[in-house]
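What follows is a short report on a single structure.
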Amino acid sequence: MKILVLGAGRMGFGAAFDLSRNSPGIELITVADRDVSIATQVADAIGGGVRAKGVDAADSDSVAALFAEHDAVISCVNYWYNANLSRIAIETGTHFCDLGGNNYVVDEQLGLNHSAEAAGVNIIPDCGLAPGMVSILSMHGFKLFDSVESIGIRVGGLPQNPKPPLDYQLIFSVEGLINEYIEVARVIRNGKIVEVDSMTELEELAFDGFPRLEAFQTSGGTSTLPDTFKGKVHNLDYKTIRYAGHCHKFKAMIDMGLCRSDESVVVDGASVTPRRFFANLLEANLPADEADYVLVRVMVSGSIRGVRKRYTMDIVDRMDEINGLSSMMRMTAFPASIISQMMVAGETSGPGAMPQELAIDSKRFIQELSRRDIVITESLQEI
């Protein structure tokens, strides 16, 4: 297999690491970035024959030439490139997956299904953690039941040593964080797809060994699941896990207008948008790159042979300090790496542009997670 990792940031590093250290049968691993020096740093840090290339994701001709040298591409660049990159992948006959980040872009990618089928390739967006891994786990749970009432997904990246005032650290783009907190969430309620405001419907939840936790609605985590499960489940939602108190504090800043980008304010003669100013403050004052956890809980409730039951999958993942991989890198980049290899190996449901929950064999996927020490604790109880 010849795999290209496009983008040499945290997640690009994680994907290349997994391809190099956890994935036998890889013939060529390329890490490409607009800044070739960053790609070179990643390649040198991982070793094992990983090569570095310089390419601008916006340069379609150069991208196409690089795609043509590989069997599959993992896009770890900003989401707004992914629709065009998907078209290039179809033209070059290269399988393609990405980390997603925007429902409208994903819709555009899925609209390429017929072209991807004709080219014999897979285009699978949203292959990170959430959306991504949790979508496949949701389908895994769904298939255990004769009928399903609800699917609840709870996910959070948390610092191991939380610091006030927000008890949070930046584990991905601050712009992505703000988007999750201010854009609407798509859910299924009483069998219908509806939108609800983010930072609402606060609930408490518990994981053994952790202090008080909370979860609340955020945008993006359900991705294609509402469309996939419409007419099949009564209720489905996704909430983000944080340490207790985070939601109230952050929402107060949203309510004050600090996340607005539709108008500027003048400060000492300079015109700035509140969101840009606020994002800079978050980047300057929140910790980053410290030891972290990722918590996942997927709950599926329904009927099995006439008995109402609830199936729960829990994951508690910790930073790999030996290899310098945050838990968020492991839980986001490793799934994309697994899916890239499944595409090349012909282990998907077939060619085309499709959501990961429909394309990926959940049992095979879970086996690969386990091989990487991402452990799922399962329980099935009557309710």
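Identifiers for the structure tokens are assigned positionally: chains receive A, B, ... in sequence, residues are indexed from 1 per chain, and ligands are indexed from 1 in the order shown.
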When you look at Phe142 of chain A with a cut-off of 8 Å (counting only C-alpha atoms), what residues show up, excluding the ones that are within fewer than 4 positions of it in the same chain? I need them as a PyMOL selection string. chain A and resi 138+148+300
List every residue of segment 260-289 of chain A that DSSP, applied to the backbone of this structure, places in strand (DSSP E or B), and write the result as a count of residues only. 7
When distances are computed from only C-alpha atoms, which of A:Gly152, A:Gly209, A:Pro165, A:Gly191 shows the smallest separation from Tyr238 of chain A?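 Among the listed residues, A:Gly152 lies closest to Tyr238 of chain A.
In terms of minimum interatomic distance to Leu281 of chain A, A:Leu258 ranks closest within A:Ile315, A:Val233, A:Leu258, A:Met299, counting only C-alpha atoms.
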Please list as an MDAnalysis selection string every residue within 12 Å of Gly9 of chain A, counting only C-alpha atoms and excluding residues in the same chain fewer than 6 positions away. chainID A and resid 15:16 31:43 75:78 171:173 329 333
Restricting the calculation to only C-alpha atoms: of A:Asp268, A:Asp317, A:Glu368, A:Glu382, which residue gets closest to Ser301 of chain A? A:Glu382
Near-Glu204 of chain A list (7 Å; only C-alpha atoms; drop same-chain fewer than 2 positions) as a ChimeraX atom specification: /A:213-215
Let's see if you can do this: from backbone DSSP, list all helix (DSSP H, G or I) residues in segment 169-335 of chain A, as number ranges by chain. A: 174-182, 225-229, 246-255, 274-285, 327-335
Residues from last step as file, C-alpha atoms, as a PDB file, in the first residue's frame:
ATOM      1  CA  VAL A 174      -9.722  27.279  18.256  1.00  0.00           C
ATOM      2  CA  GLU A 175     -11.905  28.199  15.272  1.00  0.00           C
ATOM      3  CA  GLY A 176     -13.197  24.634  15.201  1.00  0.00           C
ATOM      4  CA  LEU A 177     -13.989  24.819  18.903  1.00  0.00           C
ATOM      5  CA  ILE A 178     -15.962  28.042  18.498  1.00  0.00           C
ATOM      6  CA  ASN A 179     -17.864  26.574  15.539  1.00  0.00           C
ATOM      7  CA  GLU A 180     -18.883  23.563  17.632  1.00  0.00           C
ATOM      8  CA  TYR A 181     -20.150  25.843  20.377  1.00  0.00           C
ATOM      9  CA  ILE A 182     -22.138  28.367  18.318  1.00  0.00           C
ATOM     10  CA  LEU A 225     -26.067   9.918  11.279  1.00  0.00           C
ATOM     11  CA  PRO A 226     -29.427  11.759  11.294  1.00  0.00           C
ATOM     12  CA  ASP A 227     -29.851  10.985   7.597  1.00  0.00           C
ATOM     13  CA  THR A 228     -28.617   7.416   7.964  1.00  0.00           C
ATOM     14  CA  PHE A 229     -30.924   6.625  10.885  1.00  0.00           C
ATOM     15  CA  HIS A 246     -17.376  24.661  31.664  1.00  0.00           C
ATOM     16  CA  CYS A 247     -20.601  25.113  29.707  1.00  0.00           C
ATOM     17  CA  HIS A 248     -21.976  27.882  31.925  1.00  0.00           C
ATOM     18  CA  LYS A 249     -18.723  29.856  31.788  1.00  0.00           C
ATOM     19  CA  PHE A 250     -18.195  29.599  28.048  1.00  0.00           C
ATOM     20  CA  LYS A 251     -21.826  30.246  27.198  1.00  0.00           C
ATOM     21  CA  ALA A 252     -21.697  33.483  29.186  1.00  0.00           C
ATOM     22  CA  MET A 253     -18.955  34.718  26.849  1.00  0.00           C
ATOM     23  CA  ILE A 254     -20.970  33.684  23.796  1.00  0.00           C
ATOM     24  CA  ASP A 255     -24.013  35.524  25.157  1.00  0.00           C
ATOM     25  CA  PRO A 274     -15.106  40.096  18.507  1.00  0.00           C
ATOM     26  CA  ARG A 275     -14.590  36.473  17.408  1.00  0.00           C
ATOM     27  CA  ARG A 276     -11.075  37.057  16.122  1.00  0.00           C
ATOM     28  CA  PHE A 277     -10.142  38.946  19.265  1.00  0.00           C
ATOM     29  CA  PHE A 278     -11.662  36.246  21.472  1.00  0.00           C
ATOM     30  CA  ALA A 279      -9.946  33.460  19.519  1.00  0.00           C
ATOM     31  CA  ASN A 280      -6.605  35.192  20.016  1.00  0.00           C
ATOM     32  CA  LEU A 281      -7.263  35.414  23.751  1.00  0.00           C
ATOM     33  CA  LEU A 282      -8.109  31.723  23.933  1.00  0.00           C
ATOM     34  CA  GLU A 283      -4.971  30.788  22.017  1.00  0.00           C
ATOM     35  CA  ALA A 284      -2.857  32.996  24.252  1.00  0.00           C
ATOM     36  CA  ASN A 285      -4.312  31.899  27.600  1.00  0.00           C
ATOM     37  CA  SER A 327      -5.021  10.969  23.186  1.00  0.00           C
ATOM     38  CA  MET A 328      -6.845  13.248  20.753  1.00  0.00           C
ATOM     39  CA  MET A 329      -4.211  12.492  18.105  1.00  0.00           C
ATOM     40  CA  ARG A 330      -4.629   8.756  18.686  1.00  0.00           C
ATOM     41  CA  MET A 331      -8.406   8.862  18.701  1.00  0.00           C
ATOM     42  CA  THR A 332      -8.703  11.150  15.662  1.00  0.00           C
ATOM     43  CA  ALA A 333      -5.822  10.160  13.388  1.00  0.00           C
ATOM     44  CA  PHE A 334      -5.711   6.409  14.031  1.00  0.00           C
ATOM     45  CA  PRO A 335      -9.305   5.813  12.820  1.00  0.00           C
TER      46      PRO A 335
END
Contacts of Gly324 of chain A at 10 Å (only C-alpha atoms; same-chain gap of 6+ positions) as a ChimeraX atom specification: /A:14,289,291
Write to file, as a PDB file, in the first residue's frame, the residues of the selection just made, with C-alpha atoms.
ATOM      1  CA  GLY A  14      -0.690  10.940  14.248  1.00  0.00           C
ATOM      2  CA  ASP A 289      -0.141  20.048  24.261  1.00  0.00           C
ATOM      3  CA  ALA A 291      -1.399  15.338  28.887  1.00  0.00           C
TER       4      ALA A 291
END
Shell around Phe67 of chain A at 9 Å using only C-alpha atoms, local window under 6 positions removed, as a JSON list (two decimals) with N, CA and C atoms, in the first residue's frame:
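Written output follows (out-v2.json):
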[["chain", "number", "residue", "atom", "x", "y", "z"],
["A", 4, "LEU", "N", -0.75, 8.50, 1.26],
["A", 4, "LEU", "CA", -0.35, 9.90, 1.38],
["A", 4, "LEU", "C", -1.12, 10.54, 2.53],
["A", 73, "VAL", "N", -5.37, 8.49, 0.13],
["A", 73, "VAL", "CA", -4.99, 9.77, 0.74],
["A", 73, "VAL", "C", -5.78, 9.97, 2.02],
["A", 88, "ILE", "N", -10.35, 15.49, -7.21],
["A", 88, "ILE", "CA", -9.03, 15.11, -7.72],
["A", 88, "ILE", "C", -8.78, 13.62, -7.50],
["A", 89, "ALA", "N", -9.17, 13.11, -6.32],
["A", 89, "ALA", "CA", -8.98, 11.69, -6.01],
["A", 89, "ALA", "C", -9.73, 10.81, -7.00],
["A", 92, "THR", "N", -7.83, 10.77, -10.31],
["A", 92, "THR", "CA", -6.57, 10.03, -10.27],
["A", 92, "THR", "C", -6.75, 8.58, -9.85],
["A", 93, "GLY", "N", -7.99, 8.17, -9.54],
["A", 93, "GLY", "CA", -8.25, 6.80, -9.13],
["A", 93, "GLY", "C", -7.66, 6.47, -7.77],
["A", 94, "THR", "N", -7.71, 7.44, -6.85],
["A", 94, "THR", "CA", -7.10, 7.30, -5.53],
["A", 94, "THR", "C", -8.17, 7.33, -4.45]]
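With only C-alpha atoms as the atoms that count, the residue of A:Asn161, A:Leu166, A:Thr240, A:Ala118 with the shortest distance to Phe210 of chain A is A:Asn161.
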Please provide the set of residues having any atom within 9 Å of Ser20 of chain A, restricted to only C-alpha atoms, with same-chain residues fewer than 4 positions apart removed, written as a PDB file with C-alpha atoms, in the first residue's frame.
ATOM      1  CA  ALA A  15      -1.821   9.388  10.965  1.00  0.00           C
ATOM      2  CA  ALA A  16       1.738   8.975   9.655  1.00  0.00           C
ATOM      3  CA  PRO A  24       2.183  -3.849   8.441  1.00  0.00           C
ATOM      4  CA  ILE A  26       2.630  -0.332   3.982  1.00  0.00           C
ATOM      5  CA  ILE A  29       4.179   6.677   3.439  1.00  0.00           C
ATOM      6  CA  ILE A  46       8.731   9.143  12.852  1.00  0.00           C
ATOM      7  CA  GLY A  47      11.490   7.603  10.761  1.00  0.00           C
ATOM      8  CA  GLY A  48      10.873   4.222   9.213  1.00  0.00           C
ATOM      9  CA  GLY A  49      11.166   5.448   5.648  1.00  0.00           C
ATOM     10  CA  VAL A  50       8.464   8.127   5.858  1.00  0.00           C
TER      11      VAL A  50
END
Pick from A:Asn235, A:Thr348, A:Ser147, A:Ser264: nearest to Val307 of chain A, with only C-alpha atoms counted?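 Between A:Asn235, A:Thr348, A:Ser147, A:Ser264, the residue approaching Val307 of chain A most closely is A:Ser147.
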Tell me, in Å to one decimal, how far atom CA of Gly101 of chain A is from atom CA of Thr224 of chain A.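 Between these atoms lies a distance of 11.8 Å.
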Would you tabulate, counting only C-alpha atoms, all residues of segment 266-360 of chain A that have an atom at most 9 Å from an atom of segment 132-135 of chain A, showing the closest pair of atoms and their distance in Å to one decimal, sorted by chain then ascending number, as JSON lines?
{"residue": "A:Val296", "atom": "CA", "partner": "A:Val134", "partner_atom": "CA", "distance": 8.0}
{"residue": "A:Arg297", "atom": "CA", "partner": "A:Val134", "partner_atom": "CA", "distance": 8.7}
{"residue": "A:Val298", "atom": "CA", "partner": "A:Val134", "partner_atom": "CA", "distance": 7.3}
{"residue": "A:Met331", "atom": "CA", "partner": "A:Met133", "partner_atom": "CA", "distance": 8.1}
{"residue": "A:Thr332", "atom": "CA", "partner": "A:Met133", "partner_atom": "CA", "distance": 8.0}
{"residue": "A:Pro335", "atom": "CA", "partner": "A:Met133", "partner_atom": "CA", "distance": 6.3}
{"residue": "A:Ala336", "atom": "CA", "partner": "A:Gly132", "partner_atom": "CA", "distance": 8.2}
{"residue": "A:Pro355", "atom": "CA", "partner": "A:Ser135", "partner_atom": "CA", "distance": 8.8}
{"residue": "A:Gln356", "atom": "CA", "partner": "A:Gly132", "partner_atom": "CA", "distance": 7.0}
{"residue": "A:Glu357", "atom": "CA", "partner": "A:Ser135", "partner_atom": "CA", "distance": 5.5}
Generate the output file for the selected residues, N, CA and C atoms, as a PDB file, in the first residue's frame.
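Writing done, so here's part.pdb:
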ATOM      1  N   VAL A 296     -15.306   8.570  25.637  1.00  0.00           N
ATOM      2  CA  VAL A 296     -16.354   8.267  24.660  1.00  0.00           C
ATOM      3  C   VAL A 296     -17.396   7.386  25.343  1.00  0.00           C
ATOM      4  N   ARG A 297     -18.651   7.716  25.133  1.00  0.00           N
ATOM      5  CA  ARG A 297     -19.745   6.839  25.549  1.00  0.00           C
ATOM      6  C   ARG A 297     -20.799   6.828  24.452  1.00  0.00           C
ATOM      7  N   VAL A 298     -21.109   5.635  23.941  1.00  0.00           N
ATOM      8  CA  VAL A 298     -22.176   5.465  22.961  1.00  0.00           C
ATOM      9  C   VAL A 298     -23.228   4.558  23.589  1.00  0.00           C
ATOM     10  N   MET A 331      -6.989   9.162  18.913  1.00  0.00           N
ATOM     11  CA  MET A 331      -8.406   8.862  18.701  1.00  0.00           C
ATOM     12  C   MET A 331      -8.968   9.518  17.443  1.00  0.00           C
ATOM     13  N   THR A 332      -8.265  10.483  16.896  1.00  0.00           N
ATOM     14  CA  THR A 332      -8.703  11.150  15.662  1.00  0.00           C
ATOM     15  C   THR A 332      -7.959  10.622  14.449  1.00  0.00           C
ATOM     16  N   PRO A 335      -8.164   6.298  13.610  1.00  0.00           N
ATOM     17  CA  PRO A 335      -9.305   5.813  12.820  1.00  0.00           C
ATOM     18  C   PRO A 335      -9.186   6.133  11.333  1.00  0.00           C
ATOM     19  N   ALA A 336      -8.714   7.335  11.004  1.00  0.00           N
ATOM     20  CA  ALA A 336      -8.547   7.686   9.586  1.00  0.00           C
ATOM     21  C   ALA A 336      -7.508   6.793   8.925  1.00  0.00           C
ATOM     22  N   PRO A 355     -21.005   7.671   3.693  1.00  0.00           N
ATOM     23  CA  PRO A 355     -20.656   7.875   5.095  1.00  0.00           C
ATOM     24  C   PRO A 355     -19.921   6.665   5.654  1.00  0.00           C
ATOM     25  N   GLN A 356     -19.057   6.913   6.632  1.00  0.00           N
ATOM     26  CA  GLN A 356     -18.261   5.821   7.175  1.00  0.00           C
ATOM     27  C   GLN A 356     -19.118   4.756   7.864  1.00  0.00           C
ATOM     28  N   GLU A 357     -20.264   5.150   8.442  1.00  0.00           N
ATOM     29  CA  GLU A 357     -21.092   4.159   9.127  1.00  0.00           C
ATOM     30  C   GLU A 357     -21.711   3.162   8.152  1.00  0.00           C
TER      31      GLU A 357
END
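Relative to atom CA of Gly352 of chain A, atom CA of Ser86 of chain A is found at 11.2 Å.
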Proximity to Ala116 of chain A - best of A:Glu91, A:Asp262, A:Asp98, A:Glu203, only C-alpha atoms: A:Glu91
